[in-house]
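Below is one structure, written out as structure tokens, with a few remarks after it.
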Amino acid sequence: MADAAGTTTTPDTADAQGKTTAREATAGRNDTGGQDAAPRLPPPAGPREAATAGTSVTGDAVSATGAATSDAASARPPFRSVTIRTALDAVTATALYLRWLGYRGVRRADQRPPSGIGLAARGVVAQVDPAVRPAGLRDVECLWLTAMTESADCLYFSLAGYAADARARADALGVPLFVLDLTGTPRPVNAPAEALAATGLENRA
């Protein structure tokens with residue numbers, strides 16, 4: 001058989017050309033994985049995957065917040081207490097603790113409280129109660145009123161603890177309450193005191 005150019009094509013030649021063309025087509029399909037060369041986009045995330053991703057982000061944020069609080073607490077040196085044997089020792093232990101929290105210029109308060117001993121520093125007034133009876137409601141309220149008149153924070157330190165109504169009133173007013181043990185280490189007994197002891201003055205929100 002002759003084509004338009006006058007070349008003679010035998011049946012064997014045509015068969016060989018057909019096989020060559022088929023192999024080339026097969027090779028082209030193999031190069032593209034048997035599919036079109038256009039890139040395939042990943043399927044959209046389902047509700048479960050989206051929820052998992054959101055949980056991961058939230059967990060990372062909580063971990064970062066916890067790490068920041070831990071770093072703030074670990075940045076301060078441990079508190080060094082003094083053994084309490086007298087009322088003066090209680091005052092000394094409280095003054096040291098106020099400095100450890102970050103208050104500066106700790107001194108005796110100008111205004112004497114109705115009970116106990118008053119201390120003052122920049123932005124805070126504190127009351128040290130070395131009595132053997134628990135601090136009462138009136139003690140907490142008087143300290144809070146004194147702080148309000150001086151536009152300062154207030155902290156209460158007691159050797160014998162607090163009456164139930166005094167603790168409830170302190171919680172409502174946001175007054176940090178501490179109990180002094182005989183080793184001279186103040187122990188927070190309500191939420192405002194725990195927050196202050198955990199972060200110190202410089203890291204308070």
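Labels used: A, B, ... for chains in the order of the structure tokens, numbers from 1 for residues in each chain, and numbers from 1 for ligands as shown.
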Practice item. For segment 165-180 of chain A, please output as a VMD selection string all residues within 6 Å (counting only C-alpha atoms; exclusion window: fewer than 6 positions along the same chain). Key: chain A and resid 136 to 137 155 to 159 186 to 189 192 to 193
Check your understanding: Which of these, A:Val128, A:Thr185, A:Pro114, A:Ala120, has the shortest distance to Cys142 of chain A once you count only C-alpha atoms?
Key ->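 The closest residue to Cys142 of chain A is A:Pro114.
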Check your understanding: Got a sec: who's within 7 Å of Thr83 of chain A, counting only C-alpha atoms, leaving out chain neighbours fewer than 5 positions off, as number ranges by chain?
Key -> A: 182-184
I need the residues from that last selection saved to file as a JSON list (two decimals), in the first residue's frame (with C-alpha atoms), if you can.
```json
[["chain", "number", "residue", "atom", "x", "y", "z"],
["A", 182, "LEU", "CA", 5.44, 29.60, 114.16],
["A", 183, "THR", "CA", 8.14, 29.17, 111.52],
["A", 184, "GLY", "CA", 7.31, 32.68, 110.31]]
```
Point to revise | Contact residues around Ala87 of chain A with only C-alpha atoms at 10 Å, ignoring same-chain residues under 4 positions, as a PyMOL selection string | key: chain A and resi 91-93+116-117+128-131+159
Point to revise | DSSP-assigned helix (DSSP H, G or I) members of segment 69-172 of chain A, reported as a PyMOL selection string | key: chain A and resi 69-75+87-101+137-149+164-172
Using DSSP assignments from the backbone, pull out every residue in segment 64-205 of chain A that falls under strand (DSSP E or B) and give it to me as a PDB file with N, CA and C atoms, in the first residue's frame.
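Everything below was put into result.pdb:
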```pdb
ATOM      1  N   ARG A 107       7.432  49.884 106.242  1.00  0.00           N
ATOM      2  CA  ARG A 107       7.679  50.641 107.470  1.00  0.00           C
ATOM      3  C   ARG A 107       6.473  50.487 108.389  1.00  0.00           C
ATOM      4  N   ARG A 108       6.579  51.023 109.593  1.00  0.00           N
ATOM      5  CA  ARG A 108       5.421  51.069 110.490  1.00  0.00           C
ATOM      6  C   ARG A 108       4.397  52.048 109.934  1.00  0.00           C
ATOM      7  N   ILE A 117      -0.740  45.385 114.903  1.00  0.00           N
ATOM      8  CA  ILE A 117       0.301  46.337 114.518  1.00  0.00           C
ATOM      9  C   ILE A 117       0.171  46.605 113.029  1.00  0.00           C
ATOM     10  N   GLY A 118       0.249  47.881 112.664  1.00  0.00           N
ATOM     11  CA  GLY A 118       0.093  48.257 111.266  1.00  0.00           C
ATOM     12  C   GLY A 118       1.426  48.433 110.564  1.00  0.00           C
ATOM     13  N   LEU A 119       1.498  47.954 109.336  1.00  0.00           N
ATOM     14  CA  LEU A 119       2.643  48.173 108.461  1.00  0.00           C
ATOM     15  C   LEU A 119       2.160  48.840 107.190  1.00  0.00           C
ATOM     16  N   ALA A 120       3.042  49.576 106.554  1.00  0.00           N
ATOM     17  CA  ALA A 120       2.690  50.244 105.301  1.00  0.00           C
ATOM     18  C   ALA A 120       3.876  50.165 104.349  1.00  0.00           C
ATOM     19  N   ALA A 121       3.576  50.187 103.078  1.00  0.00           N
ATOM     20  CA  ALA A 121       4.579  50.234 102.027  1.00  0.00           C
ATOM     21  C   ALA A 121       3.958  50.981 100.860  1.00  0.00           C
ATOM     22  N   VAL A 124       0.290  49.899  99.708  1.00  0.00           N
ATOM     23  CA  VAL A 124      -0.333  48.847 100.514  1.00  0.00           C
ATOM     24  C   VAL A 124      -0.276  49.199 101.992  1.00  0.00           C
ATOM     25  N   VAL A 125      -1.300  48.769 102.723  1.00  0.00           N
ATOM     26  CA  VAL A 125      -1.277  48.781 104.186  1.00  0.00           C
ATOM     27  C   VAL A 125      -1.538  47.349 104.641  1.00  0.00           C
ATOM     28  N   ALA A 126      -0.851  46.941 105.702  1.00  0.00           N
ATOM     29  CA  ALA A 126      -0.980  45.576 106.214  1.00  0.00           C
ATOM     30  C   ALA A 126      -1.187  45.618 107.716  1.00  0.00           C
ATOM     31  N   GLN A 127      -1.923  44.657 108.204  1.00  0.00           N
ATOM     32  CA  GLN A 127      -2.161  44.550 109.635  1.00  0.00           C
ATOM     33  C   GLN A 127      -1.640  43.207 110.125  1.00  0.00           C
ATOM     34  N   VAL A 128      -0.845  43.261 111.182  1.00  0.00           N
ATOM     35  CA  VAL A 128      -0.293  42.063 111.812  1.00  0.00           C
ATOM     36  C   VAL A 128      -0.997  41.877 113.146  1.00  0.00           C
ATOM     37  N   ASP A 129      -1.656  40.736 113.303  1.00  0.00           N
ATOM     38  CA  ASP A 129      -2.423  40.482 114.522  1.00  0.00           C
ATOM     39  C   ASP A 129      -1.791  39.301 115.258  1.00  0.00           C
ATOM     40  N   ALA A 135      -8.966  36.737 114.254  1.00  0.00           N
ATOM     41  CA  ALA A 135      -9.369  38.080 113.821  1.00  0.00           C
ATOM     42  C   ALA A 135     -10.851  38.074 113.471  1.00  0.00           C
ATOM     43  N   ASP A 153      -3.853  49.015  98.510  1.00  0.00           N
ATOM     44  CA  ASP A 153      -4.275  47.647  98.766  1.00  0.00           C
ATOM     45  C   ASP A 153      -4.126  47.353 100.257  1.00  0.00           C
ATOM     46  N   CYS A 154      -4.708  46.241 100.698  1.00  0.00           N
ATOM     47  CA  CYS A 154      -4.540  45.869 102.095  1.00  0.00           C
ATOM     48  C   CYS A 154      -4.387  44.357 102.221  1.00  0.00           C
ATOM     49  N   LEU A 155      -3.603  43.946 103.226  1.00  0.00           N
ATOM     50  CA  LEU A 155      -3.358  42.542 103.527  1.00  0.00           C
ATOM     51  C   LEU A 155      -3.466  42.353 105.028  1.00  0.00           C
ATOM     52  N   TYR A 156      -3.979  41.205 105.430  1.00  0.00           N
ATOM     53  CA  TYR A 156      -4.135  40.913 106.854  1.00  0.00           C
ATOM     54  C   TYR A 156      -3.335  39.656 107.198  1.00  0.00           C
ATOM     55  N   PHE A 157      -2.556  39.745 108.286  1.00  0.00           N
ATOM     56  CA  PHE A 157      -1.750  38.624 108.771  1.00  0.00           C
ATOM     57  C   PHE A 157      -2.141  38.327 110.216  1.00  0.00           C
ATOM     58  N   SER A 158      -2.512  37.096 110.488  1.00  0.00           N
ATOM     59  CA  SER A 158      -2.973  36.726 111.829  1.00  0.00           C
ATOM     60  C   SER A 158      -2.274  35.458 112.289  1.00  0.00           C
ATOM     61  N   TYR A 162      -8.879  33.308 111.503  1.00  0.00           N
ATOM     62  CA  TYR A 162      -9.966  34.251 111.293  1.00  0.00           C
ATOM     63  C   TYR A 162     -11.307  33.607 111.642  1.00  0.00           C
ATOM     64  N   LEU A 177      -6.009  37.292 102.977  1.00  0.00           N
ATOM     65  CA  LEU A 177      -5.816  36.866 104.365  1.00  0.00           C
ATOM     66  C   LEU A 177      -4.699  35.830 104.444  1.00  0.00           C
ATOM     67  N   PHE A 178      -3.803  36.041 105.398  1.00  0.00           N
ATOM     68  CA  PHE A 178      -2.695  35.119 105.630  1.00  0.00           C
ATOM     69  C   PHE A 178      -2.685  34.700 107.096  1.00  0.00           C
ATOM     70  N   VAL A 179      -2.259  33.476 107.342  1.00  0.00           N
ATOM     71  CA  VAL A 179      -2.038  32.986 108.707  1.00  0.00           C
ATOM     72  C   VAL A 179      -0.542  32.776 108.885  1.00  0.00           C
ATOM     73  N   LEU A 180       0.003  33.315 109.957  1.00  0.00           N
ATOM     74  CA  LEU A 180       1.419  33.144 110.271  1.00  0.00           C
ATOM     75  C   LEU A 180       1.605  31.903 111.132  1.00  0.00           C
ATOM     76  N   PRO A 186       4.057  32.993 106.160  1.00  0.00           N
ATOM     77  CA  PRO A 186       2.638  33.288 105.974  1.00  0.00           C
ATOM     78  C   PRO A 186       1.995  32.277 105.024  1.00  0.00           C
ATOM     79  N   ARG A 187       0.813  31.812 105.379  1.00  0.00           N
ATOM     80  CA  ARG A 187       0.081  30.846 104.555  1.00  0.00           C
ATOM     81  C   ARG A 187      -1.221  31.493 104.085  1.00  0.00           C
ATOM     82  N   PRO A 188      -1.446  31.579 102.771  1.00  0.00           N
ATOM     83  CA  PRO A 188      -2.692  32.176 102.279  1.00  0.00           C
ATOM     84  C   PRO A 188      -3.897  31.304 102.624  1.00  0.00           C
TER      85      PRO A 188
END
```
